[in-house]
Amino acid sequence: MRTFHKVMEAHRQTNAIHYLLPTFQFALNMIRGTEKPGRISGKLFDEEEFLNVQAVDNLSAKVTMKVCKLIQACYTGEYEVGARVASDAPNWPTETFSPFIRTFICLYTGVCNAAITHTNESLRSCKRQRLAIVKKNLRQAKRHVRFSEGRYDAVLHILQAEIYGIRGRTRTAVATFQDAVDCARAEGLTSLMRLASERAAALLSKVGRWKEAKMHLEKAADAYQCWGADAKVEKLLLRLKELDQEHPTFSSSFQFMPVNMRSGFAKAA
């Protein structure tokens, strides 16, 4: 990424830099964390400065930043932020993204909205509304997948699992999340393995199946560690410690290895 950035600067390719920087900053935030939760902000890129000063008339660059923000919100658990960002998605120019990217926009939009239903369960109207959004994104994802190169069954499994979870069909939801993990492994979509394991753990915690929740959290933490996302791993470790203290019948055995002791995408930073 650094090399590409230098080349684009040398050739004054402003648009390419606008696409690169929020993506690079998202990666850094997953490694090191961020002082501004809910924002794509850090040493390389600050979304407030970008929106107020840079590329004011560049709609495609703005939308790219919003997509990065949606993805970051989904992986950092800032689901309210992700849902707010995604609510503007119908206004995004469709020609900006390939069917592949649009498939994943549907995925992260659906996950963020599904997660909110578990935190606002008392609001039945909210639950119905969010369920409708997840179902809509599943339908759209199915259409986009038909025009994408490769198979993305893992995306569809995750969205379907979220629907089962909202409807209270926990056992079916967890099994479908596991199907998503298996498909993601076969399809080479390792990021979805992490996401599916984490979402399964959240659902199992909600219904009090602590032992299984810890097992899925460990799988997610291990996958994020292989990715090099140390900030995310530390957050999952805190959750594991909380579960160990609250429900000590099954203690976590996960061992955290700092990024400077292993390889991962973090080295690119």
# chains A, B, ... in the order shown; residues from 1 in each chain; ligands from 1
call {"tool": "residues_around", "arguments": {"residues": "segment 212-224 of chain A", "least_positions_apart": "4", "cutoff": "10 Å", "atoms": "only C-alpha atoms", "output": "PyMOL selection string"}}
result
chain A and resi 30-31+174+178+190-208+228-237+239-241+243-244+247+250-257+264
call {"tool": "write_last_selection", "arguments": {"atoms": "N, CA and C atoms", "output": "CSV table (one decimal), in the first residue's frame"}}
result
chain,number,residue,atom,x,y,z
A,30,MET,N,-7.6,-1.4,12.6
A,30,MET,CA,-7.8,-2.8,13.0
A,30,MET,C,-6.6,-3.3,13.8
A,31,ILE,N,-5.4,-2.8,13.4
A,31,ILE,CA,-4.2,-3.3,14.0
A,31,ILE,C,-3.9,-2.5,15.3
A,174,VAL,N,-27.0,-20.7,14.5
A,174,VAL,CA,-25.6,-21.1,14.8
A,174,VAL,C,-25.1,-22.1,13.8
A,178,GLN,N,-22.0,-21.7,11.1
A,178,GLN,CA,-21.0,-22.6,10.9
A,178,GLN,C,-20.9,-23.0,9.4
A,190,THR,N,-11.3,-15.4,4.2
A,190,THR,CA,-11.0,-15.6,5.6
A,190,THR,C,-11.7,-14.6,6.5
A,191,SER,N,-11.9,-13.4,6.0
A,191,SER,CA,-12.5,-12.3,6.8
A,191,SER,C,-13.9,-12.7,7.2
A,192,LEU,N,-14.6,-13.5,6.4
A,192,LEU,CA,-15.9,-13.9,6.7
A,192,LEU,C,-15.9,-15.0,7.7
A,193,MET,N,-14.8,-15.8,7.8
A,193,MET,CA,-14.7,-16.8,8.8
A,193,MET,C,-14.7,-16.1,10.2
A,194,ARG,N,-14.0,-15.0,10.3
A,194,ARG,CA,-13.9,-14.3,11.5
A,194,ARG,C,-15.2,-13.7,11.9
A,195,LEU,N,-15.9,-13.1,10.9
A,195,LEU,CA,-17.1,-12.4,11.2
A,195,LEU,C,-18.2,-13.4,11.6
A,196,ALA,N,-18.3,-14.5,10.9
A,196,ALA,CA,-19.3,-15.5,11.2
A,196,ALA,C,-19.1,-16.1,12.6
A,197,SER,N,-17.9,-16.4,13.0
A,197,SER,CA,-17.6,-16.9,14.3
A,197,SER,C,-17.9,-15.9,15.4
A,198,GLU,N,-17.6,-14.7,15.2
A,198,GLU,CA,-17.9,-13.6,16.2
A,198,GLU,C,-19.4,-13.4,16.3
A,199,ARG,N,-20.1,-13.4,15.2
A,199,ARG,CA,-21.6,-13.2,15.3
A,199,ARG,C,-22.3,-14.4,16.0
A,200,ALA,N,-21.8,-15.6,15.7
A,200,ALA,CA,-22.3,-16.8,16.4
A,200,ALA,C,-22.1,-16.7,17.9
A,201,ALA,N,-20.9,-16.3,18.3
A,201,ALA,CA,-20.6,-16.1,19.7
A,201,ALA,C,-21.5,-15.1,20.4
A,202,ALA,N,-21.8,-14.0,19.7
A,202,ALA,CA,-22.7,-13.0,20.2
A,202,ALA,C,-24.1,-13.6,20.4
A,203,LEU,N,-24.6,-14.3,19.5
A,203,LEU,CA,-25.9,-14.9,19.6
A,203,LEU,C,-26.0,-15.9,20.7
A,204,LEU,N,-25.0,-16.8,20.8
A,204,LEU,CA,-24.9,-17.8,21.9
A,204,LEU,C,-24.8,-17.1,23.3
A,205,SER,N,-24.1,-16.0,23.4
A,205,SER,CA,-24.1,-15.3,24.7
A,205,SER,C,-25.4,-14.8,25.0
A,206,LYS,N,-26.1,-14.3,24.0
A,206,LYS,CA,-27.5,-13.7,24.3
A,206,LYS,C,-28.4,-14.7,24.9
A,207,VAL,N,-28.3,-16.0,24.5
A,207,VAL,CA,-29.2,-17.0,25.0
A,207,VAL,C,-28.6,-17.8,26.1
A,208,GLY,N,-27.5,-17.4,26.6
A,208,GLY,CA,-26.9,-18.1,27.8
A,208,GLY,C,-26.1,-19.4,27.5
A,228,GLY,N,-3.7,-10.2,11.8
A,228,GLY,CA,-2.8,-9.2,12.3
A,228,GLY,C,-3.6,-8.0,12.9
A,229,ALA,N,-4.9,-8.3,13.2
A,229,ALA,CA,-5.8,-7.2,13.7
A,229,ALA,C,-5.7,-7.2,15.2
A,230,ASP,N,-4.6,-6.7,15.8
A,230,ASP,CA,-4.3,-6.8,17.2
A,230,ASP,C,-5.4,-6.0,18.0
A,231,ALA,N,-5.8,-4.9,17.6
A,231,ALA,CA,-6.8,-4.1,18.4
A,231,ALA,C,-8.1,-4.9,18.5
A,232,LYS,N,-8.5,-5.6,17.5
A,232,LYS,CA,-9.7,-6.4,17.5
A,232,LYS,C,-9.5,-7.6,18.4
A,233,VAL,N,-8.3,-8.2,18.4
A,233,VAL,CA,-8.0,-9.4,19.2
A,233,VAL,C,-8.1,-9.0,20.7
A,234,GLU,N,-7.5,-7.9,21.0
A,234,GLU,CA,-7.5,-7.4,22.4
A,234,GLU,C,-8.9,-7.2,22.9
A,235,LYS,N,-9.8,-6.7,22.0
A,235,LYS,CA,-11.2,-6.5,22.4
A,235,LYS,C,-11.9,-7.8,22.7
A,236,LEU,N,-11.6,-8.8,21.8
A,236,LEU,CA,-12.2,-10.1,22.0
A,236,LEU,C,-11.7,-10.8,23.3
A,237,LEU,N,-10.4,-10.5,23.6
A,237,LEU,CA,-9.8,-11.1,24.8
A,237,LEU,C,-10.5,-10.5,26.0
A,239,ARG,N,-13.5,-9.6,26.2
A,239,ARG,CA,-14.8,-10.3,26.3
A,239,ARG,C,-14.7,-11.7,26.8
A,240,LEU,N,-13.6,-12.4,26.4
A,240,LEU,CA,-13.4,-13.8,26.9
A,240,LEU,C,-13.1,-13.7,28.4
A,241,LYS,N,-12.3,-12.8,28.9
A,241,LYS,CA,-12.0,-12.7,30.3
A,241,LYS,C,-13.3,-12.4,31.1
A,243,LEU,N,-16.3,-13.4,30.3
A,243,LEU,CA,-17.0,-14.6,30.3
A,243,LEU,C,-16.4,-15.6,31.3
A,244,ASP,N,-15.1,-15.7,31.3
A,244,ASP,CA,-14.3,-16.6,32.2
A,244,ASP,C,-14.7,-16.2,33.7
A,247,HIS,N,-18.6,-17.0,34.1
A,247,HIS,CA,-19.0,-18.4,33.9
A,247,HIS,C,-17.7,-19.2,33.8
A,250,PHE,N,-15.8,-23.1,32.0
A,250,PHE,CA,-15.0,-23.4,30.8
A,250,PHE,C,-14.1,-22.2,30.6
A,251,SER,N,-12.9,-22.3,31.0
A,251,SER,CA,-11.9,-21.2,30.9
A,251,SER,C,-11.3,-21.2,29.5
A,252,SER,N,-11.1,-20.0,29.0
A,252,SER,CA,-10.5,-19.8,27.7
A,252,SER,C,-9.0,-20.2,27.7
A,253,SER,N,-8.5,-20.8,26.7
A,253,SER,CA,-7.1,-21.2,26.6
A,253,SER,C,-6.4,-20.4,25.5
A,254,PHE,N,-7.1,-19.4,25.0
A,254,PHE,CA,-6.5,-18.6,23.8
A,254,PHE,C,-5.3,-17.8,24.3
A,255,GLN,N,-4.2,-17.9,23.5
A,255,GLN,CA,-3.0,-17.2,23.8
A,255,GLN,C,-2.8,-16.1,22.8
A,256,PHE,N,-2.6,-14.9,23.2
A,256,PHE,CA,-2.4,-13.7,22.3
A,256,PHE,C,-0.9,-13.6,22.0
A,257,MET,N,-0.6,-13.5,20.7
A,257,MET,CA,0.8,-13.3,20.3
A,257,MET,C,0.8,-11.9,19.6
A,264,GLY,N,1.7,-11.1,9.3
A,264,GLY,CA,0.3,-10.8,9.1
A,264,GLY,C,0.2,-9.6,8.2
call {"tool": "residues_around", "arguments": {"residues": "Val63 of chain A", "least_positions_apart": "4", "cutoff": "8 Å", "atoms": "only C-alpha atoms", "output": "PDB file with all heavy atoms, in the first residue's frame"}}
result
ATOM      1  N   LEU A  59     -17.908  12.585  -5.511  1.00  0.00           N
ATOM      2  CA  LEU A  59     -18.897  11.726  -4.867  1.00  0.00           C
ATOM      3  C   LEU A  59     -18.388  10.301  -4.724  1.00  0.00           C
ATOM      4  O   LEU A  59     -18.598   9.659  -3.690  1.00  0.00           O
ATOM      5  CB  LEU A  59     -20.197  11.741  -5.676  1.00  0.00           C
ATOM      6  CG  LEU A  59     -21.338  10.872  -5.130  1.00  0.00           C
ATOM      7  CD1 LEU A  59     -21.715  11.305  -3.720  1.00  0.00           C
ATOM      8  CD2 LEU A  59     -22.544  10.942  -6.055  1.00  0.00           C
ATOM      9  N   VAL A  67     -18.047   3.403   2.601  1.00  0.00           N
ATOM     10  CA  VAL A  67     -18.004   1.938   2.585  1.00  0.00           C
ATOM     11  C   VAL A  67     -16.956   1.433   3.571  1.00  0.00           C
ATOM     12  O   VAL A  67     -17.192   0.484   4.325  1.00  0.00           O
ATOM     13  CB  VAL A  67     -17.721   1.411   1.165  1.00  0.00           C
ATOM     14  CG1 VAL A  67     -17.475  -0.093   1.191  1.00  0.00           C
ATOM     15  CG2 VAL A  67     -18.887   1.732   0.238  1.00  0.00           C
ATOM     16  N   TRP A  92     -26.131   6.096  -3.015  1.00  0.00           N
ATOM     17  CA  TRP A  92     -24.801   5.928  -3.575  1.00  0.00           C
ATOM     18  C   TRP A  92     -24.903   5.556  -5.046  1.00  0.00           C
ATOM     19  O   TRP A  92     -25.751   4.737  -5.427  1.00  0.00           O
ATOM     20  CB  TRP A  92     -24.032   4.836  -2.828  1.00  0.00           C
ATOM     21  CG  TRP A  92     -23.804   5.143  -1.382  1.00  0.00           C
ATOM     22  CD1 TRP A  92     -24.020   6.328  -0.751  1.00  0.00           C
ATOM     23  CD2 TRP A  92     -23.329   4.240  -0.379  1.00  0.00           C
ATOM     24  NE1 TRP A  92     -23.713   6.236   0.580  1.00  0.00           N
ATOM     25  CE2 TRP A  92     -23.283   4.960   0.843  1.00  0.00           C
ATOM     26  CE3 TRP A  92     -22.934   2.907  -0.386  1.00  0.00           C
ATOM     27  CZ2 TRP A  92     -22.865   4.388   2.026  1.00  0.00           C
ATOM     28  CZ3 TRP A  92     -22.514   2.336   0.801  1.00  0.00           C
ATOM     29  CH2 TRP A  92     -22.477   3.068   1.987  1.00  0.00           C
TER      30      TRP A  92
END
call {"tool": "atom_distance", "arguments": {"atom1": "atom CA of Ala186 of chain A", "atom2": "atom CA of Val155 of chain A"}}
result
12.7 Å
call {"tool": "atom_distance", "arguments": {"atom1": "atom CA of Ile163 of chain A", "atom2": "atom CA of Arg128 of chain A"}}
result
10.9 Å
call {"tool": "atom_distance", "arguments": {"atom1": "atom CA of Ser41 of chain A", "atom2": "atom CA of Cys74 of chain A"}}
result
15.8 Å
call {"tool": "select_by_dssp", "arguments": {"residues": "segment 43-185 of chain A", "states": "helix (DSSP H, G or I)", "output": "PyMOL selection string"}}
result
chain A and resi 47-52+59-76+79-86+89-91+94-96+99-119+124-146+153-166+170-185
call {"tool": "closest_residue", "arguments": {"among": "A:Arg102, A:Lys127, A:Arg39, A:His144", "to": "Ala73 of chain A", "atoms": "only C-alpha atoms"}}
result
A:Arg39
call {"tool": "residues_around", "arguments": {"residues": "Met65 of chain A", "least_positions_apart": "6", "cutoff": "8 Å", "atoms": "only C-alpha atoms", "output": "PyMOL selection string"}}
result
chain A and resi 19+22-23+40+47
call {"tool": "residues_around", "arguments": {"residues": "Ile71 of chain A", "least_positions_apart": "4", "cutoff": "8 Å", "atoms": "only C-alpha atoms", "output": "PyMOL selection string"}}
result
chain A and resi 67+75+82+108
call {"tool": "closest_residue", "arguments": {"among": "A:Ala132, A:Val145, A:Ala83, A:Leu70", "to": "Thr103 of chain A", "atoms": "only C-alpha atoms"}}
result
A:Val145
call {"tool": "residues_around", "arguments": {"residues": "Thr172 of chain A", "least_positions_apart": "4", "cutoff": "12 Å", "atoms": "only C-alpha atoms", "output": "JSON list (two decimals) with C-alpha atoms, in the first residue's frame"}}
result
[["chain", "number", "residue", "atom", "x", "y", "z"],
["A", 157, "HIS", "CA", -25.21, -17.91, 4.85],
["A", 158, "ILE", "CA", -24.27, -15.10, 7.25],
["A", 160, "GLN", "CA", -29.58, -15.99, 6.52],
["A", 161, "ALA", "CA", -28.14, -16.85, 9.94],
["A", 162, "GLU", "CA", -28.81, -13.30, 11.12],
["A", 163, "ILE", "CA", -32.44, -13.66, 10.05],
["A", 164, "TYR", "CA", -32.75, -16.92, 11.99],
["A", 165, "GLY", "CA", -31.19, -15.22, 15.00],
["A", 166, "ILE", "CA", -33.63, -12.31, 14.95],
["A", 167, "ARG", "CA", -36.51, -14.78, 14.74],
["A", 168, "GLY", "CA", -35.24, -16.65, 17.79],
["A", 176, "THR", "CA", -25.93, -21.60, 9.48],
["A", 177, "PHE", "CA", -23.08, -19.48, 10.84],
["A", 178, "GLN", "CA", -20.97, -22.65, 10.87],
["A", 179, "ASP", "CA", -21.98, -23.27, 7.25],
["A", 200, "ALA", "CA", -22.30, -16.82, 16.37],
["A", 203, "LEU", "CA", -25.92, -14.91, 19.56],
["A", 204, "LEU", "CA", -24.93, -17.77, 21.88]]
call {"tool": "residues_around", "arguments": {"residues": "Tyr152 of chain A", "least_positions_apart": "4", "cutoff": "12 Å", "atoms": "only C-alpha atoms", "output": "JSON, numbers by chain"}}
result
{"A": [99, 100, 101, 102, 103, 104, 107, 141, 142, 143, 144, 145, 146, 147, 148, 156, 157, 158, 159, 180, 181, 182, 183, 184, 185, 186, 187, 188, 189, 190, 192]}
